[in-house]
Amino acid sequence: MTTSSPVTFEHDPDQTCADLLRYIDESPTPYHAVASSAARLSSVGFTEVSLSSDFAALVPGGYFVTASDGTIVAFVRPRRTVTGFRIIGAHTDSPNLRLKPRALYEKAGYLQLGVEVYGGVLLNSWLDRDLRLAGRVVVRDDDGRLKARLVSLTEPIVRVPQLAIHLDRDVHEKGLVLNRQEHMVPILGLSDAKKPKVGDSQLVQELCAHTLGLRPSQIVSWELHLHDSVPSVRAGLSRELVFAPRLDNLGMCHAALSALLRAHSFDDDSGVVPVVALFDHEEVGSSSDHGAQSALLPQVLERLVVSTGGSRESYHQALARSLCASTDMSHAVHPNYVDRHEANHRPLLNGGPVIKYNAQQRYATSLPTAALMIALGQQAGIELQQYVHRTDLPCGSTIGPIVSTLLGIPTVDLGNPMLSMHSARELCGAADPEQMSRLLAHFLVSRAQVEAAR
Ligand code: ZN
């Protein structure tokens with residue numbers, strides 16, 4: 001295996017961290033994350049192409065496709081037939097609370113909004129926060145055409161109040177028990193007995209229409225998510241920490257994108273294509289028309305091979321020369337719960353990217369892919385950490401095993417260390433985003449393969 005890198009990448013941890021905070025605050029929902037990603041790609045010359053357009057018409061350069069507003073795949077079309085891929089995968093969605101279709105109702109003098117719990121939410125973390133609404137609507141224009149639009153309400157207008165301690169005296173002894181249906185319902189305001197609004201969705205349509213400068217009758221359907229209104233910040237004694245929502249997994253979406261922005265102009269005429277695929281629906285199993293289990297990524301890759309003069313055979317040959325880095329945030333050791341980590345695998349914040357291992361294949365890391373990342377890290381001067389879950393606790397998973405299974409290509413699972421995963425407000429190190437971005441940039445331009453033992 002040869003890993004000597006053909007390039008070096010500039011090092012600016014503060015700038016990368018500041019851009020991460022902007023990216024997170026611009027992206028309260030997966031749809032906004034895709035729009036923020038598209039804007040960053042467009043700013044360096046990538047062009048959006050429709051999935052229904054003819055890829056054969058593409059000239060060499062950077063492109064991206066989006067699917068259902070929640071998934072984005074960016075790639076660089078080479079000047080010759082595609083011979084392989086370096087794929088970085090991540091997910092755009094985060095656990096949150098989402099409004100039900102007929103959300104509005106009245107109870108005990110309050111106006112409330114019915115919500116569904118999306119993914120593995122730490123329910124307590126959503127209590128007593130000033131919450132905003134964001135999402136997308138489908139609008140009918142004057143010609144009768146339907147078009148999706150993003151929407152983000154500017155004011156924090158809802159809140160899920162926790163029960164006072166005087167009414168829940170044994171909360172510390174018995175633990176806080178929250179029923180998803182009964183106890184997570186946010187308050188929107190006070191009801192007016194003279195104007196009952198029970199079961200009415202008109203008010204939500206009016207809110208969206210007002211924000212977008214439209215008539216309520218133009219809003220055909222809508223999907224709104226709750227999110228914390230407090231902006232992301234650098235924090236800690238020496239500003240070495242980040243306090244922010246949705247670090248899992250916008251932290252890795254940002255690292256993948258910034259790696260591609262660093263590496264996209266590298267062209268060694270090898271026909272190896274850098275790809276960044278950011279998927280929706282990871283937090284609920286990746287099974288949807290644009291999730292990581294869908295046909296989307298294989299189809300885009302195959303069409304790219306064929307459009308550069310390759311055949312189905314050369315597509316499969318290219319897959320055999322490909323590698324994937326599945327990037328998803330990782331668990332740093334928690335000072336108040338040190339025993340939750342296996343003693344020799346306790347990732348530290350700002351200790352560098354974490355390689356994740358799991359014998360049950362909940363993470364896709366294999367011996368060769370781990371070796372490749374370790375070698376790339378050594379060469380780039382980036383410390384790597386290693387993580388394995390306690391054997392007596394069920395391990396989470398990522399899109400890594402899914403993409404690896406779907407495409408049949410060796411994959412490594414990586415992530416930056418963080419605390420409070422799946423909380424409405426999470427915590428990571430301020431130096432790690434830069435380290436991960438540079439490591440992934442080296443991965444995209446690496447042409448190394450690990451030769452098999454014989
Ligand atoms: Zn995740």
# chains A, B, ... in the order shown; residues from 1 in each chain; ligands from 1
>>> residues_around(residues="A:Ser217", least_positions_apart="6", cutoff="9 Å", atoms="only C-alpha atoms", output="PyMOL selection string")
chain A and resi 139-140+205-206+209
>>> residues_near_ligand(ligand="ligand 1", cutoff="9 Å", atoms="only C-alpha atoms and all ligand atoms", output="NGL selection string")
:A and (90-94 or 247-250 or 252 or 282-283 or 327-330 or 396-399 or 421-422)
>>> closest_residue(among="A:His225, A:Arg215, A:Arg425, A:Lys100", to="A:Trp126", atoms="only C-alpha atoms")
A:Arg425
>>> select_by_dssp(residues="stretch 44-123 of chain A", states="helix (DSSP H, G or I)", output="JSON, numbers by chain")
{"A": [55, 56, 57, 123]}
>>> write_last_selection(atoms="N, CA and C atoms", output="mmCIF file, in the first residue's frame")
data_model
loop_
_atom_site.group_PDB
_atom_site.id
_atom_site.type_symbol
_atom_site.label_atom_id
_atom_site.label_comp_id
_atom_site.auth_asym_id
_atom_site.auth_seq_id
_atom_site.Cartn_x
_atom_site.Cartn_y
_atom_site.Cartn_z
ATOM 1 N N PHE A 55 -27.111 12.540 -18.116
ATOM 2 C CA PHE A 55 -25.758 12.711 -17.591
ATOM 3 C C PHE A 55 -24.713 12.718 -18.716
ATOM 4 N N ALA A 56 -25.060 12.140 -19.872
ATOM 5 C CA ALA A 56 -24.098 12.097 -20.984
ATOM 6 C C ALA A 56 -23.763 13.497 -21.482
ATOM 7 N N ALA A 57 -24.644 14.454 -21.166
ATOM 8 C CA ALA A 57 -24.398 15.819 -21.633
ATOM 9 C C ALA A 57 -23.425 16.581 -20.722
ATOM 10 N N LEU A 123 -35.735 13.011 25.041
ATOM 11 C CA LEU A 123 -36.949 13.831 25.186
ATOM 12 C C LEU A 123 -36.763 14.983 26.176
#
>>> residues_around(residues="A:Arg180", least_positions_apart="3", cutoff="9 Å", atoms="only C-alpha atoms", output="list of chain:residue names")
A:Val115, A:Glu116, A:Val117, A:Leu123, A:His183, A:Met184, A:Val185
>>> write_last_selection(atoms="N, CA and C atoms", output="PDB file, in the first residue's frame")
ATOM      1  N   VAL A 115     -47.343  16.805  18.127  1.00  0.00           N
ATOM      2  CA  VAL A 115     -46.057  16.507  17.483  1.00  0.00           C
ATOM      3  C   VAL A 115     -45.800  15.009  17.443  1.00  0.00           C
ATOM      4  N   GLU A 116     -45.050  14.602  16.425  1.00  0.00           N
ATOM      5  CA  GLU A 116     -44.488  13.263  16.358  1.00  0.00           C
ATOM      6  C   GLU A 116     -43.034  13.343  16.788  1.00  0.00           C
ATOM      7  N   VAL A 117     -42.545  12.280  17.404  1.00  0.00           N
ATOM      8  CA  VAL A 117     -41.129  12.211  17.776  1.00  0.00           C
ATOM      9  C   VAL A 117     -40.386  11.520  16.630  1.00  0.00           C
ATOM     10  N   LEU A 123     -35.735  13.011  25.041  1.00  0.00           N
ATOM     11  CA  LEU A 123     -36.949  13.831  25.186  1.00  0.00           C
ATOM     12  C   LEU A 123     -36.763  14.983  26.176  1.00  0.00           C
ATOM     13  N   HIS A 183     -46.766  14.103  27.061  1.00  0.00           N
ATOM     14  CA  HIS A 183     -45.943  15.081  27.775  1.00  0.00           C
ATOM     15  C   HIS A 183     -45.052  15.947  26.897  1.00  0.00           C
ATOM     16  N   MET A 184     -45.009  15.670  25.604  1.00  0.00           N
ATOM     17  CA  MET A 184     -44.102  16.417  24.725  1.00  0.00           C
ATOM     18  C   MET A 184     -44.851  17.431  23.854  1.00  0.00           C
ATOM     19  N   VAL A 185     -46.103  17.733  24.221  1.00  0.00           N
ATOM     20  CA  VAL A 185     -46.922  18.592  23.367  1.00  0.00           C
ATOM     21  C   VAL A 185     -46.610  20.064  23.655  1.00  0.00           C
TER      22      VAL A 185
END
>>> residues_around(residues="A:Pro216", least_positions_apart="5", cutoff="12 Å", atoms="only C-alpha atoms", output="list in words")
Val137, Val138, Val139, Arg140, Asp141, Ser201, Gln202, Leu203, Val204, Gln205, Glu206, Leu207, Cys208, Ala209, His210, Thr211, Ser221 and Trp222 of chain A
>>> write_last_selection(atoms="N, CA and C atoms", output="PDB file, in the first residue's frame")
ATOM      1  N   VAL A 137     -42.971  23.798   2.620  1.00  0.00           N
ATOM      2  CA  VAL A 137     -44.374  23.799   2.225  1.00  0.00           C
ATOM      3  C   VAL A 137     -44.434  23.521   0.731  1.00  0.00           C
ATOM      4  N   VAL A 138     -45.569  23.005   0.288  1.00  0.00           N
ATOM      5  CA  VAL A 138     -45.810  22.935  -1.157  1.00  0.00           C
ATOM      6  C   VAL A 138     -46.807  24.031  -1.504  1.00  0.00           C
ATOM      7  N   VAL A 139     -46.396  24.867  -2.446  1.00  0.00           N
ATOM      8  CA  VAL A 139     -47.159  26.058  -2.820  1.00  0.00           C
ATOM      9  C   VAL A 139     -47.742  25.860  -4.218  1.00  0.00           C
ATOM     10  N   ARG A 140     -49.009  26.294  -4.398  1.00  0.00           N
ATOM     11  CA  ARG A 140     -49.606  26.290  -5.738  1.00  0.00           C
ATOM     12  C   ARG A 140     -49.534  27.708  -6.286  1.00  0.00           C
ATOM     13  N   ASP A 141     -48.870  27.859  -7.436  1.00  0.00           N
ATOM     14  CA  ASP A 141     -48.792  29.210  -7.996  1.00  0.00           C
ATOM     15  C   ASP A 141     -50.041  29.507  -8.823  1.00  0.00           C
ATOM     16  N   SER A 201     -56.046  23.330  10.843  1.00  0.00           N
ATOM     17  CA  SER A 201     -54.672  23.539  10.411  1.00  0.00           C
ATOM     18  C   SER A 201     -54.504  24.893   9.738  1.00  0.00           C
ATOM     19  N   GLN A 202     -55.610  25.653   9.652  1.00  0.00           N
ATOM     20  CA  GLN A 202     -55.566  26.940   8.959  1.00  0.00           C
ATOM     21  C   GLN A 202     -54.536  27.873   9.578  1.00  0.00           C
ATOM     22  N   LEU A 203     -54.436  27.861  10.916  1.00  0.00           N
ATOM     23  CA  LEU A 203     -53.534  28.794  11.580  1.00  0.00           C
ATOM     24  C   LEU A 203     -52.083  28.512  11.204  1.00  0.00           C
ATOM     25  N   VAL A 204     -51.710  27.223  11.093  1.00  0.00           N
ATOM     26  CA  VAL A 204     -50.336  26.877  10.714  1.00  0.00           C
ATOM     27  C   VAL A 204     -50.080  27.321   9.273  1.00  0.00           C
ATOM     28  N   GLN A 205     -51.074  27.120   8.404  1.00  0.00           N
ATOM     29  CA  GLN A 205     -50.933  27.587   7.022  1.00  0.00           C
ATOM     30  C   GLN A 205     -50.747  29.101   6.982  1.00  0.00           C
ATOM     31  N   GLU A 206     -51.497  29.795   7.834  1.00  0.00           N
ATOM     32  CA  GLU A 206     -51.385  31.263   7.873  1.00  0.00           C
ATOM     33  C   GLU A 206     -49.994  31.693   8.311  1.00  0.00           C
ATOM     34  N   LEU A 207     -49.432  30.992   9.299  1.00  0.00           N
ATOM     35  CA  LEU A 207     -48.084  31.319   9.772  1.00  0.00           C
ATOM     36  C   LEU A 207     -47.062  31.161   8.644  1.00  0.00           C
ATOM     37  N   CYS A 208     -47.158  30.044   7.926  1.00  0.00           N
ATOM     38  CA  CYS A 208     -46.220  29.790   6.828  1.00  0.00           C
ATOM     39  C   CYS A 208     -46.412  30.815   5.715  1.00  0.00           C
ATOM     40  N   ALA A 209     -47.671  31.067   5.364  1.00  0.00           N
ATOM     41  CA  ALA A 209     -47.960  32.002   4.277  1.00  0.00           C
ATOM     42  C   ALA A 209     -47.445  33.389   4.625  1.00  0.00           C
ATOM     43  N   HIS A 210     -47.666  33.812   5.858  1.00  0.00           N
ATOM     44  CA  HIS A 210     -47.223  35.137   6.288  1.00  0.00           C
ATOM     45  C   HIS A 210     -45.695  35.244   6.159  1.00  0.00           C
ATOM     46  N   THR A 211     -44.989  34.185   6.595  1.00  0.00           N
ATOM     47  CA  THR A 211     -43.512  34.205   6.539  1.00  0.00           C
ATOM     48  C   THR A 211     -43.024  34.298   5.094  1.00  0.00           C
ATOM     49  N   SER A 221     -49.765  21.935   1.238  1.00  0.00           N
ATOM     50  CA  SER A 221     -49.408  21.047   2.349  1.00  0.00           C
ATOM     51  C   SER A 221     -48.122  21.564   2.974  1.00  0.00           C
ATOM     52  N   TRP A 222     -47.839  21.082   4.173  1.00  0.00           N
ATOM     53  CA  TRP A 222     -46.683  21.615   4.876  1.00  0.00           C
ATOM     54  C   TRP A 222     -46.127  20.581   5.831  1.00  0.00           C
TER      55      TRP A 222
END
>>> residues_around(residues="A:Ser152", least_positions_apart="5", cutoff="12 Å", atoms="only C-alpha atoms", output="PyMOL selection string")
chain A and resi 25-29+31-32+131-137+157+207-212+222-227+229
>>> write_last_selection(atoms="C-alpha atoms", output="PDB file, in the first residue's frame")
ATOM      1  CA  ASP A  25     -27.514  27.680  12.159  1.00  0.00           C
ATOM      2  CA  GLU A  26     -28.492  27.881   8.476  1.00  0.00           C
ATOM      3  CA  SER A  27     -29.748  24.293   8.623  1.00  0.00           C
ATOM      4  CA  PRO A  28     -32.584  23.741  11.136  1.00  0.00           C
ATOM      5  CA  THR A  29     -33.982  20.836   9.044  1.00  0.00           C
ATOM      6  CA  TYR A  31     -34.065  20.390   3.735  1.00  0.00           C
ATOM      7  CA  HIS A  32     -32.218  23.494   4.879  1.00  0.00           C
ATOM      8  CA  LEU A 131     -38.488  26.658  20.075  1.00  0.00           C
ATOM      9  CA  ARG A 132     -38.854  27.804  16.503  1.00  0.00           C
ATOM     10  CA  LEU A 133     -40.580  26.148  13.547  1.00  0.00           C
ATOM     11  CA  ALA A 134     -38.939  25.419  10.203  1.00  0.00           C
ATOM     12  CA  GLY A 135     -39.550  23.049   7.314  1.00  0.00           C
ATOM     13  CA  ARG A 136     -41.050  23.185   3.881  1.00  0.00           C
ATOM     14  CA  VAL A 137     -44.374  23.799   2.225  1.00  0.00           C
ATOM     15  CA  ILE A 157     -43.217  30.790  19.405  1.00  0.00           C
ATOM     16  CA  LEU A 207     -48.084  31.319   9.772  1.00  0.00           C
ATOM     17  CA  CYS A 208     -46.220  29.790   6.828  1.00  0.00           C
ATOM     18  CA  ALA A 209     -47.960  32.002   4.277  1.00  0.00           C
ATOM     19  CA  HIS A 210     -47.223  35.137   6.288  1.00  0.00           C
ATOM     20  CA  THR A 211     -43.512  34.205   6.539  1.00  0.00           C
ATOM     21  CA  LEU A 212     -43.274  33.563   2.783  1.00  0.00           C
ATOM     22  CA  TRP A 222     -46.683  21.615   4.876  1.00  0.00           C
ATOM     23  CA  GLU A 223     -44.163  19.880   7.112  1.00  0.00           C
ATOM     24  CA  LEU A 224     -42.745  21.748  10.085  1.00  0.00           C
ATOM     25  CA  HIS A 225     -40.039  20.711  12.578  1.00  0.00           C
ATOM     26  CA  LEU A 226     -39.265  22.243  15.955  1.00  0.00           C
ATOM     27  CA  HIS A 227     -35.740  23.465  16.709  1.00  0.00           C
ATOM     28  CA  SER A 229     -33.786  29.091  18.829  1.00  0.00           C
TER      29      SER A 229
END
>>> atom_distance(atom1="atom CA of A:Gly400", atom2="atom CA of A:Ser326")
4.8 Å
>>> closest_residue(among="A:Leu51, A:Val76, A:Ile374, A:Ala103", to="A:Asp267", atoms="only C-alpha atoms")
A:Val76
>>> residues_around(residues="stretch 332-338 of chain A", least_positions_apart="6", cutoff="12 Å", atoms="only C-alpha atoms", output="ChimeraX atom specification")
/A:344-354,356,385-390,415-421,426-429,432
>>> atom_distance(atom1="atom CA of A:Gln181", atom2="atom CA of A:Val230")
25.4 Å
>>> closest_residue(among="A:Asp170, A:Asp130, A:Glu434, A:Glu451", to="A:Phe9", atoms="only C-alpha atoms")
A:Glu434
>>> closest_residue(among="A:Thr8, A:Ile382, A:Val450, A:Ala424", to="A:Ala370", atoms="only C-alpha atoms")
A:Val450
>>> select_by_dssp(residues="stretch 51-289 of chain A", states="strand (DSSP E)", output="PyMOL selection string")
chain A and resi 61-67+71-77+84-91+96-107+110-118+131-140+146-152+187-190+219-228+233-235+241-244+272-279
>>> closest_residue(among="A:Met436, A:Val49, A:Ala453, A:Leu163", to="A:Gly61", atoms="only C-alpha atoms")
A:Val49
>>> closest_residue(among="A:Val59, A:Ala259, A:Ala39, A:Ala441", to="A:Thr308", atoms="only C-alpha atoms")
A:Val59
>>> residues_around(residues="A:Val65", least_positions_apart="2", cutoff="7 Å", atoms="only C-alpha atoms", output="ChimeraX atom specification")
/A:48-51,67,72-74
>>> write_last_selection(atoms="C-alpha atoms", output="PDB file, in the first residue's frame")
ATOM      1  CA  GLU A  48     -26.912  21.339  -9.980  1.00  0.00           C
ATOM      2  CA  VAL A  49     -28.199  18.643 -12.323  1.00  0.00           C
ATOM      3  CA  SER A  50     -31.628  17.091 -12.247  1.00  0.00           C
ATOM      4  CA  LEU A  51     -31.874  13.335 -11.788  1.00  0.00           C
ATOM      5  CA  ALA A  67     -33.556  14.118  -4.009  1.00  0.00           C
ATOM      6  CA  ILE A  72     -27.668  15.592  -1.848  1.00  0.00           C
ATOM      7  CA  VAL A  73     -24.962  13.776  -3.838  1.00  0.00           C
ATOM      8  CA  ALA A  74     -21.997  15.812  -5.129  1.00  0.00           C
TER       9      ALA A  74
END
>>> atom_distance(atom1="atom CA of A:Ala371", atom2="atom CA of A:Leu384")
11.3 Å
